[in-house]
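A.B. asks: So that you have it, the file is entry27.cif, and it contains mmCIF, C-alpha atoms:
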data_data
loop_
_atom_site.label_atom_id
_atom_site.label_comp_id
_atom_site.auth_asym_id
_atom_site.auth_seq_id
_atom_site.Cartn_x
_atom_site.Cartn_y
_atom_site.Cartn_z
CA MET E 593 -6.50 7.95 21.91
CA SER E 594 -9.94 7.43 20.41
CA ASN E 595 -11.29 9.30 17.38
CA SER E 596 -14.89 8.52 18.37
CA LYS E 597 -17.31 11.45 18.74
CA ALA E 598 -20.97 11.44 19.73
CA GLY E 599 -21.31 7.71 19.21
CA VAL E 600 -19.56 7.70 15.82
CA ALA E 601 -16.40 5.57 15.70
CA VAL E 602 -13.86 7.08 13.32
CA THR E 603 -11.08 4.64 12.50
CA ARG E 604 -8.32 6.27 10.48
CA TRP E 605 -6.17 3.98 8.33
CA TRP E 606 -2.72 5.27 7.38
CA TRP E 607 -1.38 3.04 4.62
CA ILE E 608 2.32 3.20 3.73
CA ARG E 609 3.80 1.42 0.74
CA HIS E 610 7.20 -0.13 1.39
CA ALA E 611 10.46 1.47 0.22
CA PRO E 612 11.83 0.76 -3.29
CA VAL E 613 13.21 -2.64 -4.19
CA ARG E 614 16.58 -2.37 -5.97
CA SER E 615 17.71 -5.99 -6.11
CA ASP E 616 14.93 -7.41 -8.29
CA GLY E 617 17.01 -7.33 -11.47
CA GLY E 618 14.15 -5.58 -13.25
CA ASN E 619 11.91 -8.59 -12.68
CA ILE E 620 8.43 -9.04 -11.23
CA TYR E 621 8.72 -10.03 -7.57
CA GLY E 622 5.15 -10.17 -6.20
CA GLN E 623 5.26 -12.22 -3.01
CA LYS E 624 8.99 -12.96 -3.16
CA ASP E 625 10.44 -11.94 0.20
CA ILE E 626 12.91 -9.42 -1.15
CA GLU E 627 14.64 -6.56 0.66
CA CYS E 628 14.02 -2.86 0.04
CA ASP E 629 16.27 0.21 0.00
CA CYS E 630 15.78 2.42 3.06
CA SER E 631 18.86 4.59 2.55
CA ASP E 632 17.07 7.88 1.79
CA THR E 633 16.60 9.05 5.38
CA GLU E 634 15.03 12.39 4.39
CA VAL E 635 12.11 10.52 2.83
CA PHE E 636 11.39 8.67 6.07
CA GLU E 637 11.77 11.85 8.10
CA ALA E 638 9.13 13.50 5.92
CA VAL E 639 6.79 10.51 6.24
CA ALA E 640 7.25 10.40 10.01
CA LYS E 641 6.15 14.03 10.34
CA ILE E 642 2.64 13.33 9.05
CA LEU E 643 1.92 10.10 10.94
CA PRO E 644 -0.02 9.96 14.22
CA ARG E 645 2.00 9.10 17.33
CA ASN E 646 -0.55 6.97 19.16
CA ALA E 647 -1.45 4.54 16.39
CA VAL E 648 -1.50 0.77 16.35
CA TRP E 649 0.87 -0.68 13.76
CA TYR E 650 0.38 -3.51 11.29
CA ALA E 651 2.61 -4.78 8.50
CA SER E 652 2.44 -7.54 5.95
CA SER E 653 4.32 -10.81 6.40
CA LEU E 654 7.05 -9.72 3.93
CA LYS E 655 10.26 -8.24 5.32
CA ARG E 656 10.32 -5.16 3.08
CA THR E 657 7.39 -3.75 5.06
CA HIS E 658 9.17 -4.39 8.36
CA GLN E 659 12.33 -2.71 7.04
CA THR E 660 10.26 0.32 6.01
CA ALA E 661 8.67 0.57 9.45
CA GLU E 662 12.11 0.34 11.09
CA ALA E 663 13.36 3.18 8.84
CA ILE E 664 10.47 5.37 10.02
CA TRP E 665 11.18 4.60 13.68
CA ALA E 666 14.89 5.32 13.11
CA THR E 667 14.02 8.98 12.50
CA GLY E 668 13.06 9.30 16.16
CA PHE E 669 9.40 8.43 15.63
CA PRO E 670 8.15 6.63 18.77
CA LYS E 671 8.49 2.90 18.15
CA PRO E 672 5.35 0.98 19.11
CA ALA E 673 5.58 -1.80 21.66
CA THR E 674 4.35 -4.24 19.03
CA MET E 675 3.64 -4.36 15.31
CA ALA E 676 1.26 -7.11 14.23
CA ARG E 677 2.23 -9.14 11.15
CA GLU E 678 -0.80 -9.57 8.91
CA ALA E 679 -0.32 -12.18 6.18
CA ALA E 680 -3.51 -11.00 4.47
CA PHE E 681 -1.75 -7.72 3.65
CA ALA E 682 0.99 -9.39 1.58
CA GLU E 683 1.34 -8.46 -2.07
CA GLN E 684 -0.48 -10.52 -4.71
CA ASN E 685 1.09 -13.92 -5.36
CA LEU E 686 2.01 -13.56 -9.01
CA GLY E 687 3.02 -17.19 -9.35
CA GLN E 688 4.98 -18.01 -12.49
CA TRP E 689 5.11 -14.34 -13.48
CA GLN E 690 7.48 -13.72 -10.58
CA GLY E 691 11.00 -13.60 -12.01
CA MET E 692 9.86 -12.49 -15.47
CA ASN E 693 11.20 -9.23 -16.89
CA ARG E 694 8.82 -6.51 -15.72
CA LYS E 695 9.31 -4.10 -18.62
CA ALA E 696 8.69 -6.76 -21.27
CA PHE E 697 5.69 -8.17 -19.43
CA LEU E 698 4.02 -4.78 -18.99
CA ALA E 699 4.75 -3.81 -22.59
CA SER E 700 2.75 -6.84 -23.72
CA LEU E 701 -0.42 -5.64 -22.00
CA PRO E 702 -3.17 -3.63 -23.73
CA LEU E 703 -2.87 0.13 -23.52
CA GLY E 704 -4.68 1.43 -20.45
CA SER E 705 -4.11 -1.67 -18.31
CA HIS E 706 -3.79 -0.83 -14.63
CA TRP E 707 -2.42 -4.13 -13.37
CA PHE E 708 -0.74 -7.34 -14.44
CA ALA E 709 -3.98 -8.91 -15.64
CA GLU E 710 -7.76 -8.57 -15.45
CA ILE E 711 -8.86 -8.50 -11.81
CA ASP E 712 -10.37 -12.01 -11.92
CA GLN E 713 -7.50 -13.61 -13.88
CA PRO E 714 -5.15 -15.56 -11.61
CA ALA E 715 -1.46 -15.64 -12.31
CA PRO E 716 -0.36 -19.17 -13.28
CA GLY E 717 0.33 -20.89 -9.98
CA GLY E 718 -0.69 -17.78 -8.05
CA GLU E 719 -3.59 -15.45 -7.24
CA SER E 720 -5.89 -13.09 -9.05
CA PHE E 721 -6.20 -9.49 -7.92
CA MET E 722 -9.67 -10.41 -6.60
CA ASP E 723 -8.04 -12.99 -4.35
CA LEU E 724 -5.83 -10.23 -2.97
CA TYR E 725 -8.78 -7.84 -2.72
CA ASN E 726 -10.97 -10.29 -0.80
CA ARG E 727 -8.32 -11.26 1.75
CA THR E 728 -7.36 -7.62 2.24
CA CYS E 729 -10.99 -6.56 2.77
CA ASP E 730 -11.58 -9.37 5.26
CA ALA E 731 -8.56 -8.29 7.29
CA ILE E 732 -9.55 -4.60 7.15
CA ALA E 733 -13.04 -5.45 8.45
CA ARG E 734 -11.61 -7.54 11.27
CA ILE E 735 -9.01 -4.94 12.31
CA THR E 736 -11.42 -2.01 12.00
CA ALA E 737 -13.78 -3.77 14.40
CA ALA E 738 -10.97 -4.59 16.82
CA GLU E 739 -9.38 -1.11 16.68
CA ALA E 740 -12.55 0.98 16.29
CA GLY E 741 -11.98 4.68 16.91
CA ARG E 742 -8.18 4.45 16.68
CA ASP E 743 -5.45 5.35 14.21
CA VAL E 744 -4.13 2.31 12.35
CA ILE E 745 -0.82 2.48 10.49
CA ALA E 746 -0.43 -0.35 7.98
CA VAL E 747 2.81 -0.84 6.04
CA ALA E 748 2.00 -2.86 2.96
CA HIS E 749 2.27 -3.08 -0.82
CA GLY E 750 1.04 -1.40 -3.98
CA GLY E 751 -1.57 -4.06 -4.67
CA THR E 752 -2.77 -4.21 -1.08
CA ILE E 753 -3.22 -0.46 -0.82
CA ARG E 754 -5.05 -0.33 -4.16
CA ALA E 755 -7.37 -3.02 -2.82
CA ALA E 756 -8.04 -0.88 0.27
CA VAL E 757 -8.79 2.13 -1.94
CA GLY E 758 -11.19 0.02 -3.99
CA LEU E 759 -12.99 -0.97 -0.80
CA ALA E 760 -13.22 2.67 0.32
CA LEU E 761 -14.68 3.60 -3.07
CA GLY E 762 -17.69 1.44 -2.27
CA GLY E 763 -16.34 -1.97 -3.18
CA GLN E 764 -14.94 -1.23 -6.64
CA PRO E 765 -11.61 -3.07 -6.90
CA ASP E 766 -11.17 -2.15 -10.57
CA LYS E 767 -11.43 1.56 -9.70
CA GLY E 768 -8.87 1.21 -6.93
CA LEU E 769 -6.34 -0.07 -9.46
CA ALA E 770 -6.49 3.23 -11.35
CA PHE E 771 -4.70 5.03 -8.49
CA ASP E 772 -0.94 5.46 -8.30
CA VAL E 773 0.65 4.17 -5.10
CA ASP E 774 4.33 5.10 -4.98
CA ASN E 775 6.99 3.72 -2.69
CA CYS E 776 6.86 5.22 0.82
CA SER E 777 3.69 7.15 -0.04
CA VAL E 778 0.97 7.60 2.56
CA THR E 779 -2.70 6.91 1.82
CA ARG E 780 -5.32 7.71 4.46
CA LEU E 781 -8.74 6.08 4.46
CA ASP E 782 -11.22 6.97 7.22
CA HIS E 783 -13.96 4.59 8.34
CA PHE E 784 -17.04 6.05 10.07
CA ALA E 785 -19.40 3.71 11.93
CA ASP E 786 -22.61 4.48 13.81
CA ASN E 787 -25.56 2.24 14.78
CA GLY E 788 -24.74 -0.51 12.30
CA ARG E 789 -24.07 1.87 9.42
CA SER E 790 -20.66 2.67 8.01
CA VAL E 791 -19.03 4.78 5.33
CA TRP E 792 -15.50 5.40 4.05
CA ARG E 793 -13.83 8.70 3.22
CA LEU E 794 -10.57 9.18 1.31
CA PRO E 795 -8.72 12.22 2.74
CA MET E 796 -5.54 11.50 0.77
CA VAL E 797 -4.10 8.94 -1.62
CA ASN E 798 -0.44 8.58 -2.61
CA GLN E 799 0.71 11.52 -0.48
CA GLN E 800 4.49 12.02 -0.86
CA PRO E 801 5.60 14.63 1.69
CA TRP E 802 9.21 14.60 0.44
CA MET E 803 8.33 15.61 -3.13
CA ALA E 804 9.28 19.29 -2.72
CA ASP E 805 12.87 18.16 -3.35
CA ALA E 806 13.53 16.62 -6.77
CA ALA E 807 16.56 14.81 -5.36
CA HIS E 808 14.25 12.07 -4.18
CA ALA E 809 12.71 11.31 -7.57
CA ALA E 810 14.26 7.83 -7.48
CA MET E 811 11.64 6.81 -4.93
CA HIS E 812 9.20 6.42 -7.79
CA GLN E 813 8.99 2.85 -9.08
CA PRO E 814 6.31 1.17 -11.17
CA ALA E 815 3.69 -0.46 -8.96
CA GLY E 816 1.87 -1.89 -11.96
CA PRO E 817 1.73 -1.24 -15.68
CA GLU E 818 3.07 2.16 -16.57
CA VAL E 819 3.06 2.58 -20.32
CA VAL E 820 5.08 5.43 -21.75
CA GLN E 821 3.54 6.55 -25.00
CA THR E 822 5.71 7.90 -27.77
CA LYS E 823 4.65 11.04 -29.58
CA LEU E 824 2.97 10.54 -32.91
CA ALA E 825 4.90 11.82 -35.90
#
Take the structure I supplied and represent it as structure tokens, if you would.
C.D. replies:
Amino acid sequence: MSNSKAGVAVTRWWWIRHAPVRSDGGNIYGQKDIECDCSDTEVFEAVAKILPRNAVWYASSLKRTHQTAEAIWATGFPKPATMAREAAFAEQNLGQWQGMNRKAFLASLPLGSHWFAEIDQPAPGGESFMDLYNRTCDAIARITAAEAGRDVIAVAHGGTIRAAVGLALGGQPDKGLAFDVDNCSVTRLDHFADNGRSVWRLPMVNQQPWMADAAHAAMHQPAGPEVVQTKLA
């Protein structure tokens, strides 16, 4: 079903961050192909209720996004005939930082940091956030052109979705990093195109439709530096 009206192609992106990772040992995992925990069925039932039924599906090349998609379909959500695997939507390759203790690493960063490093600083043996941003934006442009006027559901990662938000904010990757993107949350970004012109809108970011019940608080995991400040004496 097309969202196009009066010559304007409206392509709605529904981004879903994968379910929580429990087996990381408290370490940074980045592009490590690690499994996620999809046991909280009520969370996936809530997510399924707000997703469009006639969308095309994409996921990153990492299995935790495929497991998350399968958990959504297991609620009775209509399973698509295909789900394209998009390597460009994989999480940032954090190189030698992968396997390091996350809490200690994040505690070493300056107060107010939104990510593992400055956006143009590559991880040793890995990528910078700008590398992730550029490959994500290229894939979004390609898919938006191919799926113009449709709903696109993309199951991806905290870094990938922040990159997409930065693009929708007018190409400001550093601003996109300031947004929280929790596990299983839904972020919708709408692309409007008409006669060679285009614009993005951000109807919702980090929507968590299960949050009315505090029993699901464990779904929240750090997707980047989260510094807990102690009260001053």
A.B. asks: Apply the PyMOL selection byres ((chain E and resi 725) around 9) to the structure shown and report the selected residues as number ranges by chain.
C.D. replies: E: 684, 720-724, 726-730, 751-752, 754-756, 758-759, 765
A.B. asks: Leaving out Glu719 in chain E and any residue of its chain fewer than 6 positions from it, which residues lie within 12 Å of it when counting only C-alpha atoms, given as a PyMOL selection string?
C.D. replies: chain E and resi 622-623+682-690+708-713+725-727+751
A.B. asks: Grab the CA of Phe636 in chain E to CA of Asn798 in chain E distance for me, in Å with one decimal place.
C.D. replies: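 Between these atoms lies a distance of 14.7 Å.
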A.B. asks: Go through E:His783, E:Arg604, E:Arg694, E:Arg793 and flag the residue nearest Leu643 in chain E, using all atoms listed in the file for the distances.
C.D. replies: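 Answer, going by the shortest atom-to-atom distance: E:Arg604.
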A.B. asks: CA of Glu662 in chain E and CA of Ile626 in chain E, how far apart in Å?
C.D. replies: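 Interatomic distance here is 15.7 Å.
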A.B. asks: Expand the PyMOL selection byres ((chain E and resi 790) around 12) into the individual residues it matches in the shown file, reporting them as a list in words.
C.D. replies: Val600, Ala601, Val602, Thr603, Ala733, Thr736, Ala737, Ala740, Ala760, Gly762, Asp782, His783, Phe784, Ala785, Asp786, Asn787, Gly788, Arg789, Val791, Trp792 and Arg793 of chain E
A.B. asks: Any idea what the distance is between CA of Ala640 in chain E and CA of Lys767 in chain E?
C.D. replies: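 Interatomic distance, CA of Ala640 in chain E to CA of Lys767 in chain E: 28.6 Å.
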A.B. asks: Taking into account all atoms listed in the file, which residue in the set E:Pro801, E:Pro612, E:Gly704, E:Gly717 is nearest to Asp632 in chain E?
C.D. replies: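 Of E:Pro801, E:Pro612, E:Gly704, E:Gly717, the one nearest Asp632 in chain E, counting all atoms listed in the file, is E:Pro612.
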A.B. asks: Compile the contact shell of Gln659 in chain E as a ChimeraX atom specification: residues with an atom at most 12 Å away, counting only C-alpha atoms, same-chain residues fewer than 4 positions apart removed.
C.D. replies: /E:609-613,625-631,636,651-655,663-666,747-748,776
A.B. asks: Tell me which residues the PyMOL selection byres ((chain E and resi 647) around 10) grabs here, as a JSON list (two decimals) with C-alpha atoms, keeping the file's coordinate frame.
C.D. replies:
[["chain", "number", "residue", "atom", "x", "y", "z"],
["E", 593, "MET", "CA", -6.50, 7.95, 21.91],
["E", 594, "SER", "CA", -9.94, 7.43, 20.41],
["E", 604, "ARG", "CA", -8.32, 6.27, 10.48],
["E", 605, "TRP", "CA", -6.17, 3.98, 8.33],
["E", 606, "TRP", "CA", -2.72, 5.27, 7.38],
["E", 643, "LEU", "CA", 1.92, 10.10, 10.94],
["E", 644, "PRO", "CA", -0.02, 9.96, 14.22],
["E", 645, "ARG", "CA", 2.00, 9.10, 17.33],
["E", 646, "ASN", "CA", -0.55, 6.97, 19.16],
["E", 648, "VAL", "CA", -1.50, 0.77, 16.35],
["E", 649, "TRP", "CA", 0.87, -0.68, 13.76],
["E", 650, "TYR", "CA", 0.38, -3.51, 11.29],
["E", 672, "PRO", "CA", 5.35, 0.98, 19.11],
["E", 739, "GLU", "CA", -9.38, -1.11, 16.68],
["E", 742, "ARG", "CA", -8.18, 4.45, 16.68],
["E", 743, "ASP", "CA", -5.45, 5.35, 14.21],
["E", 744, "VAL", "CA", -4.13, 2.31, 12.35],
["E", 745, "ILE", "CA", -0.82, 2.48, 10.49],
["E", 746, "ALA", "CA", -0.43, -0.35, 7.98]]
A.B. asks: Given the choices E:Ile642, E:Val778, E:Arg614, E:Glu637, which gets closest to Thr667 in chain E if the distance is worked out from all atoms listed in the file?
C.D. replies: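 The answer is E:Glu637, which sits nearest to Thr667 in chain E.
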A.B. asks: List the neighbours of Gly618 in chain E out to 9 Å using all atoms listed in the file; skip same-chain residues closer than 2 positions along the sequence, and give me the result as a PyMOL selection string.
C.D. replies: chain E and resi 614-616+620+691-695
A.B. asks: Which of these residues is nearest to Val639 in chain E, using only C-alpha atoms: E:Asp772, E:Ile753, E:Thr660, E:Lys624?
C.D. replies: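 Smallest separation from Val639 in chain E among the options: E:Thr660.
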A.B. asks: Could you check which of E:Gly750, E:Thr657, E:Phe681, E:Lys641 is closest to Phe669 in chain E, using only C-alpha atoms?
C.D. replies: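 Looking only at the distances to Phe669 in chain E, the closest residue turns out to be E:Lys641.
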